[in-house]
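Student: First the structure, then my questions, so here it is.
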Amino acid sequence: MRILFMGTPDIAAECLKALYAAGHDICGVYTRRDKPVGRKQVLTAPPVKEVALEHGTPVFQPRTLRDGGEDANIQALAPELIVVVAYGCILPASVLQAPRYGCINLHVSLLPKYRGSAPVQWAVLNGDTETGVSIMQMDEGLDTGDVLVCEKMAIGPEETSGELFDRVTAVGARVLCETIPQIAAGTLRPQPQDHAHATLAPMLDKELAEFRLTDSAAHIHDWVRGMNPWPMAWFTTSGGKKVKVTECRTVPSHGEAPGTVLATRPLTVACAEGAIQLLHVVPEGKKPMDGTSFAAGLRLKAGDCL
């Protein structure tokens, strides 16, 4: 099929690679503009752009599509289908209606759950045991279109959002390639979403990543998994120091006050419900270390308050 692809980050790049491998005619690629990255602010192309250029595909990087400035170009490319994966721009009606088969979007949740920009992370943050991918026929709303295909996936009890995202990317790319022939054959039955059960998955930030030892151990465990690899969950010690936690485990407690050190090998701290073993941490201004080394540095002992 003749496809116009729109996407930006790594997941989109993997999907684009899969579409090339499946033999589709990629007539053009739209992606966001190059951005300064790192301390030296080196101007860096989005992953999708790099993949497209490797295949000799024309790349377009407009600031927006909403002003109609790209309508003529999209018409000239004459796509049969527009495939969108984490593009980052709103598509107006003129673009949605341009191809014969319209526009489809790969969304990494079981819609209508977790509409928005961070569906994988919120599934982990909320302690869900299941997620999946959805292929949606796009409309002018935010992830509100009819669902063409869904595939469910289990979430491991210790799995981080980064680990889950890798798995979801692979499944999403496969399901996307399996769906397109069905669109051409007209064998799919679009299912309207139940908007009454929609939930949102807003962007994460460093402030949101904070947890407190007065939270339950289960909540802390999910927060640490869900905020990994970015922005990393953190808490503030009784001494006012910020500590990021990259790995932890829940264990029982016996009613001790939240923040009480129960053991130092590994560092185990009471919470509101249960206790948490802080297995790997990054203390403020220091290198990553295991929790036992962190406890030794603070000269903590059982019964102290962290």
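If you're wondering about the labels, chains in the structure tokens are A, B, ... by order shown, residues count from 1 in each chain, ligands from 1 in order shown.
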What's around Val51 of chain A at 9 Å? Count only C-alpha atoms, leave out sequence neighbours fewer than 2 positions away in its own chain, and write the answer as a PyMOL selection string.
Tutor: chain A and resi 13-14+16-17+47-49+53-57
Student: Since we have the selection now, will you write its residues out, keeping N, CA and C atoms, as a PDB file, in the first residue's frame?
Tutor:
```pdb
ATOM      1  N   ALA A  13       9.991   4.988  14.867  1.00  0.00           N
ATOM      2  CA  ALA A  13      11.065   4.525  13.985  1.00  0.00           C
ATOM      3  C   ALA A  13      11.002   3.017  13.790  1.00  0.00           C
ATOM      4  N   GLU A  14      10.716   2.279  14.868  1.00  0.00           N
ATOM      5  CA  GLU A  14      10.613   0.825  14.752  1.00  0.00           C
ATOM      6  C   GLU A  14       9.417   0.417  13.887  1.00  0.00           C
ATOM      7  N   LEU A  16       8.153   2.257  11.471  1.00  0.00           N
ATOM      8  CA  LEU A  16       8.501   2.611  10.091  1.00  0.00           C
ATOM      9  C   LEU A  16       9.404   1.537   9.482  1.00  0.00           C
ATOM     10  N   LYS A  17      10.373   1.050  10.247  1.00  0.00           N
ATOM     11  CA  LYS A  17      11.230  -0.037   9.765  1.00  0.00           C
ATOM     12  C   LYS A  17      10.397  -1.259   9.388  1.00  0.00           C
ATOM     13  N   PRO A  47      14.473  10.096  15.535  1.00  0.00           N
ATOM     14  CA  PRO A  47      14.778   8.742  15.045  1.00  0.00           C
ATOM     15  C   PRO A  47      14.081   8.396  13.733  1.00  0.00           C
ATOM     16  N   VAL A  48      12.843   8.857  13.565  1.00  0.00           N
ATOM     17  CA  VAL A  48      12.095   8.562  12.336  1.00  0.00           C
ATOM     18  C   VAL A  48      12.770   9.176  11.118  1.00  0.00           C
ATOM     19  N   LYS A  49      13.292  10.366  11.266  1.00  0.00           N
ATOM     20  CA  LYS A  49      13.973  11.019  10.143  1.00  0.00           C
ATOM     21  C   LYS A  49      15.172  10.212   9.687  1.00  0.00           C
ATOM     22  N   LEU A  53      15.615   8.690   5.884  1.00  0.00           N
ATOM     23  CA  LEU A  53      16.716   9.095   5.013  1.00  0.00           C
ATOM     24  C   LEU A  53      17.551   7.892   4.582  1.00  0.00           C
ATOM     25  N   GLU A  54      17.674   6.895   5.465  1.00  0.00           N
ATOM     26  CA  GLU A  54      18.396   5.675   5.099  1.00  0.00           C
ATOM     27  C   GLU A  54      17.729   4.964   3.924  1.00  0.00           C
ATOM     28  N   HIS A  55      16.409   5.148   3.797  1.00  0.00           N
ATOM     29  CA  HIS A  55      15.660   4.501   2.716  1.00  0.00           C
ATOM     30  C   HIS A  55      15.385   5.447   1.548  1.00  0.00           C
ATOM     31  N   GLY A  56      15.938   6.650   1.594  1.00  0.00           N
ATOM     32  CA  GLY A  56      15.756   7.589   0.505  1.00  0.00           C
ATOM     33  C   GLY A  56      14.364   8.169   0.390  1.00  0.00           C
ATOM     34  N   THR A  57      13.641   8.190   1.497  1.00  0.00           N
ATOM     35  CA  THR A  57      12.270   8.700   1.503  1.00  0.00           C
ATOM     36  C   THR A  57      12.257  10.194   1.817  1.00  0.00           C
TER      37      THR A  57
END
```
Student: Write out as a PyMOL selection string all residues of segment 67-231 of chain A that backbone DSSP assigns to alpha helix (DSSP H).
Tutor: chain A and resi 71-77+93-96+119-125+161-185+217-226
Student: One number please: atom CA of Cys305 of chain A to atom CA of Pro258 of chain A, in Å, one decimal.
Tutor: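 According to the coordinates, atom CA of Cys305 of chain A and atom CA of Pro258 of chain A are separated by 8.4 Å.
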Student: Go through A:Val108, A:Ala272, A:Val83, A:Ala209 one by one, measure the shortest atom-to-atom distance of each to Ala170 of chain A using only C-alpha atoms, and give the residue with the smallest value.
Tutor: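 Ranking A:Val108, A:Ala272, A:Val83, A:Ala209 by distance to Ala170 of chain A, first place goes to A:Val108.
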Student: Enter the distance from atom CA of Gly259 of chain A to atom CA of Thr214 of chain A, in Å, rounded to one decimal.
Tutor: 7.4 Å
Student: Excluding same-chain residues fewer than 4 positions from segment 162-168 of chain A, what lies within 7 Å of it counting only C-alpha atoms, as a list in words?
Tutor: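 Final neighbour list, sorted by chain and number: Val108, Val120, Gly172, Asn228 and Pro229 of chain A.
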Student: So which residues touch segment 235-250 of chain A within 10 Å, counting only C-alpha atoms, skipping near sequence neighbours fewer than 3 positions away, as a PyMOL selection string?
Tutor: chain A and resi 158+160+209-213+216-225+227-232+253+259+267-271+273-286+288-291+294+305-306
Student: Env of Met153 of chain A: 8 Å cut, atoms = only C-alpha atoms, seq-sep filter 5 positions within chain, self excluded. Answer as a ChimeraX atom specification.
Tutor: /A:130-132
Student: Have a look at atom CA of His107 of chain A and atom CA of Ile135 of chain A and let me know their distance in Å, one decimal.
Tutor: 6.3 Å
Student: Measuring atom to atom with only C-alpha atoms, identify which of A:Gly28, A:Val175, A:Pro112, A:Gln193 is nearest to Asn73 of chain A.
Tutor: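 Closest candidate: A:Gly28.
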